[in-house]
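Below is the file protein_28.cif, which contains mmCIF, C-alpha atoms.
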```
data_model
loop_
_atom_site.label_atom_id
_atom_site.label_comp_id
_atom_site.auth_asym_id
_atom_site.auth_seq_id
_atom_site.Cartn_x
_atom_site.Cartn_y
_atom_site.Cartn_z
CA MET A 13 0.00 0.00 0.00
CA ALA A 14 1.38 3.40 -1.04
CA ALA A 15 2.30 5.86 1.68
CA PRO A 16 -0.23 8.68 2.11
CA ASN A 17 0.45 12.20 0.94
CA GLU A 18 1.84 14.43 3.69
CA LEU A 19 0.39 17.90 4.14
CA PHE A 20 2.33 20.55 6.06
CA CYS A 21 0.31 23.59 7.11
CA TRP A 22 0.21 26.40 9.63
CA GLU A 23 -1.29 25.41 12.95
CA GLY A 24 -4.72 26.65 13.94
CA ASP A 25 -6.21 29.19 16.31
CA TRP A 26 -9.46 31.18 16.80
CA GLY A 27 -11.43 27.93 16.38
CA LEU A 28 -9.92 27.31 12.91
CA PRO A 29 -7.87 24.28 11.80
CA SER A 30 -5.28 26.73 10.42
CA VAL A 31 -4.83 30.50 10.55
CA ASN A 32 -3.64 30.63 6.94
CA THR A 33 -6.04 31.05 4.01
CA ASP A 34 -4.19 28.78 1.56
CA CYS A 35 -3.87 26.07 4.21
CA LEU A 36 -7.61 26.31 4.95
CA VAL A 37 -8.45 25.92 1.25
CA VAL A 38 -6.38 22.74 0.97
CA LEU A 39 -7.58 21.31 4.30
CA ALA A 40 -11.22 21.90 3.39
CA TYR A 41 -10.87 20.43 -0.11
CA ALA A 42 -9.13 17.32 1.24
CA LYS A 43 -11.97 16.84 3.75
CA PHE A 44 -14.64 17.35 1.08
CA ALA A 45 -12.96 14.89 -1.32
CA GLY A 46 -12.15 12.31 1.37
CA ALA A 47 -8.43 12.40 0.60
CA PRO A 48 -6.30 10.58 3.20
CA LEU A 49 -3.48 12.83 4.32
CA LYS A 50 -0.79 12.61 6.94
CA LEU A 51 -1.17 16.05 8.49
CA HIS A 52 1.65 18.09 10.04
CA LYS A 53 0.46 21.29 11.74
CA ILE A 54 3.58 23.33 12.37
CA SER A 55 4.64 26.90 13.12
CA ASN A 56 7.99 26.88 11.31
CA PRO A 57 7.72 27.07 7.49
CA TRP A 58 11.38 26.06 7.18
CA ARG A 59 10.41 22.59 8.38
CA SER A 60 8.20 22.02 5.35
CA PRO A 61 9.61 20.30 2.22
CA ALA A 62 8.90 23.44 0.15
CA GLY A 63 10.19 25.96 2.69
CA SER A 64 6.71 27.51 2.82
CA LEU A 65 3.20 26.58 3.92
CA PRO A 66 1.05 24.86 2.82
CA ALA A 67 3.19 22.14 1.26
CA LEU A 68 2.24 18.67 0.06
CA ARG A 69 4.84 15.91 -0.06
CA THR A 70 3.49 13.41 -2.56
CA ASN A 71 3.92 9.64 -2.67
CA GLN A 72 6.67 10.23 -5.23
CA LYS A 73 8.41 12.61 -2.78
CA ASP A 74 7.64 15.67 -4.92
CA SER A 75 6.67 18.92 -3.18
CA LEU A 76 3.72 21.13 -4.12
CA SER A 77 2.91 24.46 -2.47
CA ARG A 78 0.21 26.24 -4.47
CA PRO A 79 -3.35 25.27 -3.44
CA SER A 80 -4.40 24.85 -7.08
CA ASP A 81 -1.49 22.45 -7.74
CA ILE A 82 -2.28 20.45 -4.61
CA ILE A 83 -5.96 20.17 -5.60
CA ILE A 84 -5.03 19.05 -9.14
CA HIS A 85 -2.74 16.38 -7.67
CA LEU A 86 -5.51 15.08 -5.40
CA ARG A 87 -7.90 14.97 -8.36
CA LYS A 88 -5.42 12.87 -10.32
CA GLN A 89 -5.51 10.44 -7.42
CA LYS A 90 -9.32 10.18 -7.78
CA TYR A 91 -10.12 12.51 -4.87
CA ASN A 92 -12.38 14.91 -6.75
CA ALA A 93 -14.87 17.06 -4.85
CA ASP A 94 -16.17 18.42 -8.20
CA TYR A 95 -16.95 15.02 -9.74
CA ASP A 96 -20.74 15.52 -9.77
CA LEU A 97 -20.73 19.11 -11.07
CA SER A 98 -22.27 19.88 -14.45
CA ALA A 99 -20.33 21.72 -17.15
CA LYS A 100 -22.09 24.98 -16.22
CA GLU A 101 -21.35 24.49 -12.54
CA GLY A 102 -17.71 23.81 -13.39
CA ALA A 103 -17.57 27.06 -15.37
CA ASP A 104 -19.23 28.94 -12.49
CA THR A 105 -16.63 27.49 -10.11
CA LEU A 106 -13.76 28.85 -12.20
CA ALA A 107 -15.46 32.24 -12.54
CA PHE A 108 -16.10 32.64 -8.81
CA ILE A 109 -12.60 31.48 -7.84
CA SER A 110 -11.16 34.10 -10.22
CA LEU A 111 -13.46 36.69 -8.63
CA ILE A 112 -12.24 35.73 -5.15
CA GLU A 113 -8.58 35.99 -6.15
CA GLU A 114 -9.10 39.31 -7.92
CA LYS A 115 -11.51 41.08 -5.55
CA LEU A 116 -11.39 39.42 -2.12
CA MET A 117 -7.84 38.18 -1.67
CA PRO A 118 -6.17 41.65 -2.04
CA ALA A 119 -8.42 43.04 0.69
CA LEU A 120 -7.54 40.14 3.01
CA ILE A 121 -3.82 40.76 2.44
CA TYR A 122 -4.37 44.41 3.33
CA ALA A 123 -6.57 43.67 6.36
CA PHE A 124 -4.19 41.16 7.96
CA TRP A 125 -0.73 42.25 6.77
CA ILE A 126 -0.81 45.94 5.80
CA GLU A 127 -3.41 47.70 7.97
CA PRO A 128 -1.19 48.96 10.82
CA LYS A 129 -3.41 48.19 13.81
CA ASN A 130 -4.33 44.68 12.63
CA TYR A 131 -0.76 43.83 11.66
CA VAL A 132 0.85 45.01 14.90
CA GLU A 133 -1.78 43.83 17.38
CA LEU A 134 -2.88 40.59 15.71
CA THR A 135 -0.88 39.23 12.78
CA ARG A 136 2.69 40.06 13.81
CA ARG A 137 1.97 39.21 17.43
CA TRP A 138 0.45 35.82 16.55
CA TYR A 139 3.36 34.75 14.36
CA ALA A 140 5.98 36.13 16.76
CA GLU A 141 4.43 34.08 19.58
CA HIS A 142 4.14 30.86 17.57
CA ILE A 143 7.22 30.80 15.33
CA PRO A 144 10.17 29.31 17.27
CA PHE A 145 13.03 31.46 18.56
CA PRO A 146 15.08 33.04 16.97
CA LEU A 147 13.14 32.89 13.67
CA ASN A 148 10.30 34.84 15.26
CA PHE A 149 12.50 37.97 15.26
CA PHE A 150 12.66 38.31 11.47
CA LEU A 151 10.21 35.91 9.78
CA PRO A 152 7.03 37.94 10.47
CA GLY A 153 8.61 41.02 8.87
CA ARG A 154 9.81 38.98 5.90
CA MET A 155 6.33 37.48 5.51
CA GLN A 156 4.78 40.96 5.55
CA ARG A 157 7.12 42.16 2.77
CA LYS A 158 6.23 39.08 0.73
CA GLN A 159 2.52 39.78 1.15
CA LEU A 160 3.01 43.41 0.12
CA ASP A 161 4.87 42.25 -3.00
CA LYS A 162 2.00 39.85 -3.73
CA LEU A 163 -0.52 42.68 -3.39
CA ARG A 164 1.52 44.89 -5.72
CA LEU A 165 1.70 42.08 -8.27
CA VAL A 166 -2.06 41.41 -8.14
CA LYS A 167 -2.86 45.13 -8.50
CA GLY A 168 -0.17 45.65 -11.16
CA ASN A 169 1.45 48.53 -9.30
CA GLU A 170 5.03 48.15 -8.03
CA GLY A 171 4.87 51.45 -6.13
CA LEU A 172 1.70 50.56 -4.24
CA GLU A 173 1.73 51.85 -0.66
CA ALA A 174 -0.69 51.61 2.25
CA GLY A 175 -3.15 54.45 2.63
CA GLU A 176 -6.76 55.44 3.09
CA GLU A 177 -7.52 55.54 -0.64
CA LEU A 178 -6.07 52.08 -1.24
CA GLU A 179 -7.99 50.69 1.74
CA LYS A 180 -11.28 52.12 0.44
CA GLU A 181 -10.69 50.65 -3.02
CA LEU A 182 -9.76 47.19 -1.74
CA TYR A 183 -12.57 47.01 0.81
CA ARG A 184 -15.12 48.19 -1.78
CA ASP A 185 -14.10 45.34 -4.10
CA ALA A 186 -14.20 42.84 -1.22
CA VAL A 187 -17.69 43.91 -0.14
CA GLU A 188 -18.90 43.56 -3.73
CA CYS A 189 -17.39 40.07 -3.92
CA MET A 190 -18.94 38.97 -0.61
CA ASN A 191 -22.35 40.27 -1.72
CA LEU A 192 -22.14 38.29 -4.97
CA LEU A 193 -21.12 35.14 -3.08
CA SER A 194 -24.01 35.64 -0.68
CA GLN A 195 -26.46 35.99 -3.56
CA ARG A 196 -25.09 32.86 -5.26
CA LEU A 197 -25.26 30.79 -2.09
CA GLY A 198 -28.80 31.87 -1.25
CA SER A 199 -30.46 29.47 1.18
CA ASN A 200 -28.39 26.47 0.06
CA LYS A 201 -26.15 24.55 2.42
CA PHE A 202 -23.30 24.63 -0.12
CA PHE A 203 -22.85 26.50 -3.39
CA PHE A 204 -24.04 23.61 -5.57
CA GLY A 205 -26.55 21.88 -3.35
CA ASP A 206 -25.99 19.41 -0.55
CA SER A 207 -22.37 18.42 -1.33
CA PRO A 208 -19.34 20.72 -0.97
CA SER A 209 -17.05 21.38 -3.92
CA SER A 210 -13.78 23.18 -4.60
CA LEU A 211 -15.64 26.51 -4.67
CA ASP A 212 -16.87 25.87 -1.13
CA ALA A 213 -13.26 25.19 -0.09
CA TYR A 214 -12.04 28.48 -1.61
CA VAL A 215 -14.87 30.52 -0.11
CA PHE A 216 -14.41 28.93 3.32
CA GLY A 217 -10.62 29.40 3.24
CA HIS A 218 -10.93 33.11 2.51
CA LEU A 219 -13.90 34.00 4.71
CA ALA A 220 -13.32 31.88 7.84
CA PRO A 221 -10.27 33.90 9.04
CA VAL A 222 -12.21 37.16 8.56
CA LEU A 223 -15.09 35.73 10.58
CA LYS A 224 -13.06 34.21 13.42
CA ALA A 225 -9.94 36.35 13.87
CA LYS A 226 -9.94 38.95 16.64
CA LEU A 227 -9.31 41.89 14.30
CA PRO A 228 -8.80 45.24 16.09
CA SER A 229 -9.94 47.02 12.90
CA GLY A 230 -12.76 44.83 11.62
CA LYS A 231 -14.50 46.63 8.75
CA LEU A 232 -14.61 43.52 6.55
CA GLN A 233 -15.58 41.39 9.53
CA GLN A 234 -18.56 43.62 10.29
CA HIS A 235 -19.84 43.33 6.73
CA LEU A 236 -19.35 39.56 6.64
CA LYS A 237 -21.31 39.17 9.88
CA SER A 238 -24.17 41.09 8.28
CA LEU A 239 -24.45 38.35 5.62
CA ASP A 240 -26.13 35.61 7.64
CA ASN A 241 -25.94 32.88 5.01
CA LEU A 242 -22.15 33.23 4.56
CA THR A 243 -21.64 33.34 8.33
CA HIS A 244 -23.69 30.15 8.76
CA PHE A 245 -21.88 28.60 5.80
CA CYS A 246 -18.48 28.99 7.52
CA SER A 247 -19.80 27.87 10.91
CA ASN A 248 -21.44 24.77 9.43
CA ILE A 249 -18.24 23.67 7.69
CA LEU A 250 -16.33 24.04 10.95
CA LEU A 251 -18.91 21.98 12.84
CA LEU A 252 -19.24 19.27 10.17
CA TYR A 253 -15.63 18.85 9.07
CA PHE A 254 -13.44 20.36 11.83
CA PRO A 255 -15.36 19.78 15.09
CA SER A 256 -12.25 19.21 17.21
CA ASP A 257 -10.91 22.67 16.39
CA SER A 258 -14.15 24.30 17.50
CA ARG A 259 -14.06 22.39 20.80
CA GLU A 260 -10.40 23.27 21.30
CA SER A 261 -11.18 26.96 20.80
CA PHE A 262 -13.93 26.79 23.44
CA SER A 263 -11.56 25.08 25.89
CA ARG A 264 -8.92 27.76 25.34
CA LYS A 265 -11.44 30.52 26.04
CA ALA A 266 -12.52 28.87 29.28
CA SER A 267 -8.90 28.39 30.32
CA SER A 268 -7.95 31.99 29.56
CA HIS A 269 -10.93 33.29 31.55
CA SER A 270 -10.02 31.21 34.60
CA GLU A 271 -6.39 32.32 34.43
CA GLY A 272 -7.38 35.96 34.04
CA ALA A 273 -9.47 35.77 37.21
CA ASP A 274 -6.58 34.46 39.30
CA PHE A 275 -4.38 37.37 40.36
CA ASP A 276 -1.71 34.97 41.61
CA HIS A 277 -0.61 34.60 37.99
CA VAL A 278 0.26 38.28 37.58
CA PRO A 279 3.76 38.24 39.19
CA ASN A 280 4.76 35.16 37.19
CA LYS A 281 3.51 36.75 33.99
CA ARG A 282 5.49 39.92 34.65
CA ARG A 283 8.58 37.90 35.48
CA LYS A 284 8.27 35.98 32.19
CA GLN A 285 7.79 39.20 30.26
CA PHE A 286 10.89 40.71 31.86
CA LEU A 287 12.96 37.61 31.07
CA SER A 288 11.64 37.61 27.50
CA VAL A 289 12.80 41.19 27.06
CA LEU A 290 16.28 40.32 28.39
CA VAL A 291 16.54 37.32 26.07
CA ALA A 292 15.37 39.40 23.11
CA LEU A 293 17.92 42.15 23.83
CA GLY A 294 20.69 39.56 24.17
CA ALA A 295 19.72 37.93 20.89
CA MET A 296 19.59 41.26 19.06
CA LEU A 297 23.00 42.31 20.42
CA SER A 298 24.51 38.95 19.47
CA TYR A 299 23.06 39.24 15.97
CA ALA A 300 24.45 42.77 15.61
CA LEU A 301 27.92 41.66 16.70
CA LEU A 302 27.94 38.59 14.44
CA THR A 303 26.83 40.53 11.36
CA GLY A 304 29.25 43.41 11.94
CA MET A 305 26.52 45.98 12.51
CA VAL A 306 28.25 46.75 15.84
CA SER A 307 31.93 46.27 16.56
CA ILE A 308 34.00 46.47 19.74
CA GLN A 309 37.27 48.32 19.50
CA HIS A 310 40.31 47.67 21.73
CA VAL A 311 42.30 50.84 22.41
CA HIS A 312 45.71 50.75 24.09
CA GLN A 313 45.79 52.54 27.43
CA GLU A 314 48.94 54.40 26.33
CA ALA A 315 47.08 56.00 23.45
CA LEU A 316 44.36 57.10 25.82
CA ASP A 317 46.89 58.58 28.25
CA HIS A 318 48.73 60.56 25.57
CA SER A 319 45.72 61.49 23.42
CA PRO A 320 42.88 62.79 25.56
CA SER A 321 40.99 63.89 22.45
CA LEU A 322 40.83 62.52 18.91
CA PRO A 323 40.50 64.48 15.69
CA ASP A 324 36.92 64.93 14.52
CA ASP A 325 37.35 62.65 11.49
CA GLU A 326 38.34 59.66 13.68
CA GLU A 327 35.65 59.83 16.35
CA GLU A 328 33.04 57.80 14.41
CA GLU A 329 35.40 55.23 12.95
CA GLU A 330 34.00 51.70 13.48
CA GLY A 331 36.84 49.65 12.11
#
```

If you convert what's in this file into structure tokens, what do you get?
Amino acid sequence: MAAPNELFCWEGDWGLPSVNTDCLVVLAYAKFAGAPLKLHKISNPWRSPAGSLPALRTNQKDSLSRPSDIIIHLRKQKYNADYDLSAKEGADTLAFISLIEEKLMPALIYAFWIEPKNYVELTRRWYAEHIPFPLNFFLPGRMQRKQLDKLRLVKGNEGLEAGEELEKELYRDAVECMNLLSQRLGSNKFFFGDSPSSLDAYVFGHLAPVLKAKLPSGKLQQHLKSLDNLTHFCSNILLLYFPSDSRESFSRKASSHSEGADFDHVPNKRRKQFLSVLVALGAMLSYALLTGMVSIQHVHQEALDHSPSLPDDEEEEEG
């Protein structure tokens, strides 16, 4: 019997099986199609065979990282969630996925990675707390730059910068996309009846983080919550296909509430924060020394005794 495909993806939080949109798309599609996968939920992308997440290691030991490539591979292995779709439904699937990638995805990149308040208080903090030391010092920033480059590529503007006008444009497109998805879903359980398809996986993967994440600036979240059928759509998929993640989220909330009510934890928390700061400062100083950003000069005592002052052009010399 052939070894199962291995899927590496970002670990979950907020009641989701993963915090990453692409990982959610692949996880949902695999569940819908009944594909057996050996799952690795990790918080270090360098541990994946592709150096990024998600990543699928196939039976032939090849590595795939794009959700569309992973889905095509699973289809070739007879795990096809779109098997029962008609030709028109297949065409609608392609059209709506293109709409999501053109209209919704750029707004999600902005909301999670570019919008200052959301990035600092949610996205960067989450990855800095979950990525192992010392990668957590530079990987979140590198990931943000990669997302900005992706946004610039999608919008066809290399000089694209964050700002109020850009935010309005992106959020306007996203709201339009969500409204169209809501109209297409209607009162159905899934987009094409009673069985989920690849379109359901893409919609779930893009909307579930918006619905569940604790966004400090939640303009998109507010609009999504006003669309009851899309909100129920995401919640139903979580209950039907990822019930353990929902239960785990509830347990975490109960645990955090009980810890917050116990003031005996406060001194320990402050002590840990203080130690974390010391470790961080030590790591940053070590990095600066190793890379040559800071150097330590040894000056002979004789030179100091005979030269109480140095010429102006030598004072800032770093060697």

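For the pair atom CA of Glu181 of chain A and atom CA of Ala213 of chain A, the interatomic distance is 25.8 Å.
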
Selection dump of the PyMOL selection byres ((chain A and resi 108-113) around 12), as a ChimeraX atom specification: /A:33-34,37,79-80,101-107,114-121,162-163,166-167,185-194,196-197,203,209-219

Given all atoms listed in the file as the counted atoms, nearest of A:Leu97, A:Leu36, A:Ala174, A:Leu250 to Leu160 of chain A: A:Ala174

Best match for closeness to Val222 of chain A among A:Leu242, A:Leu49, A:Ser199, A:Asn17, counting only C-alpha atoms: A:Leu242

Exercise: Ile82 of chain A partners within 12 Å, all atoms listed in the file, chain neighbours under 2 positions left out, as number ranges by chain: A: 17-20, 34-35, 37-39, 41-42, 47, 49, 65-70, 74-80, 84-89, 91-92, 210

Selected residues written out with C-alpha atoms, as a compact mmCIF listing (two decimals), in the coordinates of the input:
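The resulting result07.txt:
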```
# COMPACT_ATOMS: atom_id res chain seq x y z
CA ASN A 17 0.45 12.20 0.94
CA GLU A 18 1.84 14.43 3.69
CA LEU A 19 0.39 17.90 4.14
CA PHE A 20 2.33 20.55 6.06
CA ASP A 34 -4.19 28.78 1.56
CA CYS A 35 -3.87 26.07 4.21
CA VAL A 37 -8.45 25.92 1.25
CA VAL A 38 -6.38 22.74 0.97
CA LEU A 39 -7.58 21.31 4.30
CA TYR A 41 -10.87 20.43 -0.11
CA ALA A 42 -9.13 17.32 1.24
CA ALA A 47 -8.43 12.40 0.60
CA LEU A 49 -3.48 12.83 4.32
CA LEU A 65 3.20 26.58 3.92
CA PRO A 66 1.05 24.86 2.82
CA ALA A 67 3.19 22.14 1.26
CA LEU A 68 2.24 18.67 0.06
CA ARG A 69 4.84 15.91 -0.06
CA THR A 70 3.49 13.41 -2.56
CA ASP A 74 7.64 15.67 -4.92
CA SER A 75 6.67 18.92 -3.18
CA LEU A 76 3.72 21.13 -4.12
CA SER A 77 2.91 24.46 -2.47
CA ARG A 78 0.21 26.24 -4.47
CA PRO A 79 -3.35 25.27 -3.44
CA SER A 80 -4.40 24.85 -7.08
CA ILE A 84 -5.03 19.05 -9.14
CA HIS A 85 -2.74 16.38 -7.67
CA LEU A 86 -5.51 15.08 -5.40
CA ARG A 87 -7.90 14.97 -8.36
CA LYS A 88 -5.42 12.87 -10.32
CA GLN A 89 -5.51 10.44 -7.42
CA TYR A 91 -10.12 12.51 -4.87
CA ASN A 92 -12.38 14.91 -6.75
CA SER A 210 -13.78 23.18 -4.60
```

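The interatomic distance for the pair atom CA of Gly171 of chain A and atom CA of Ala225 of chain A works out to 29.1 Å.
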
Interatomic distance, atom CA of Pro221 of chain A to atom CA of Arg184 of chain A (Å, one decimal): 18.6 Å

Shell around Leu134 of chain A at 10 Å using all atoms listed in the file, local window under 3 positions removed, as a VMD selection string: chain A and resid 124 to 125 128 to 131 137 to 140 225 to 229
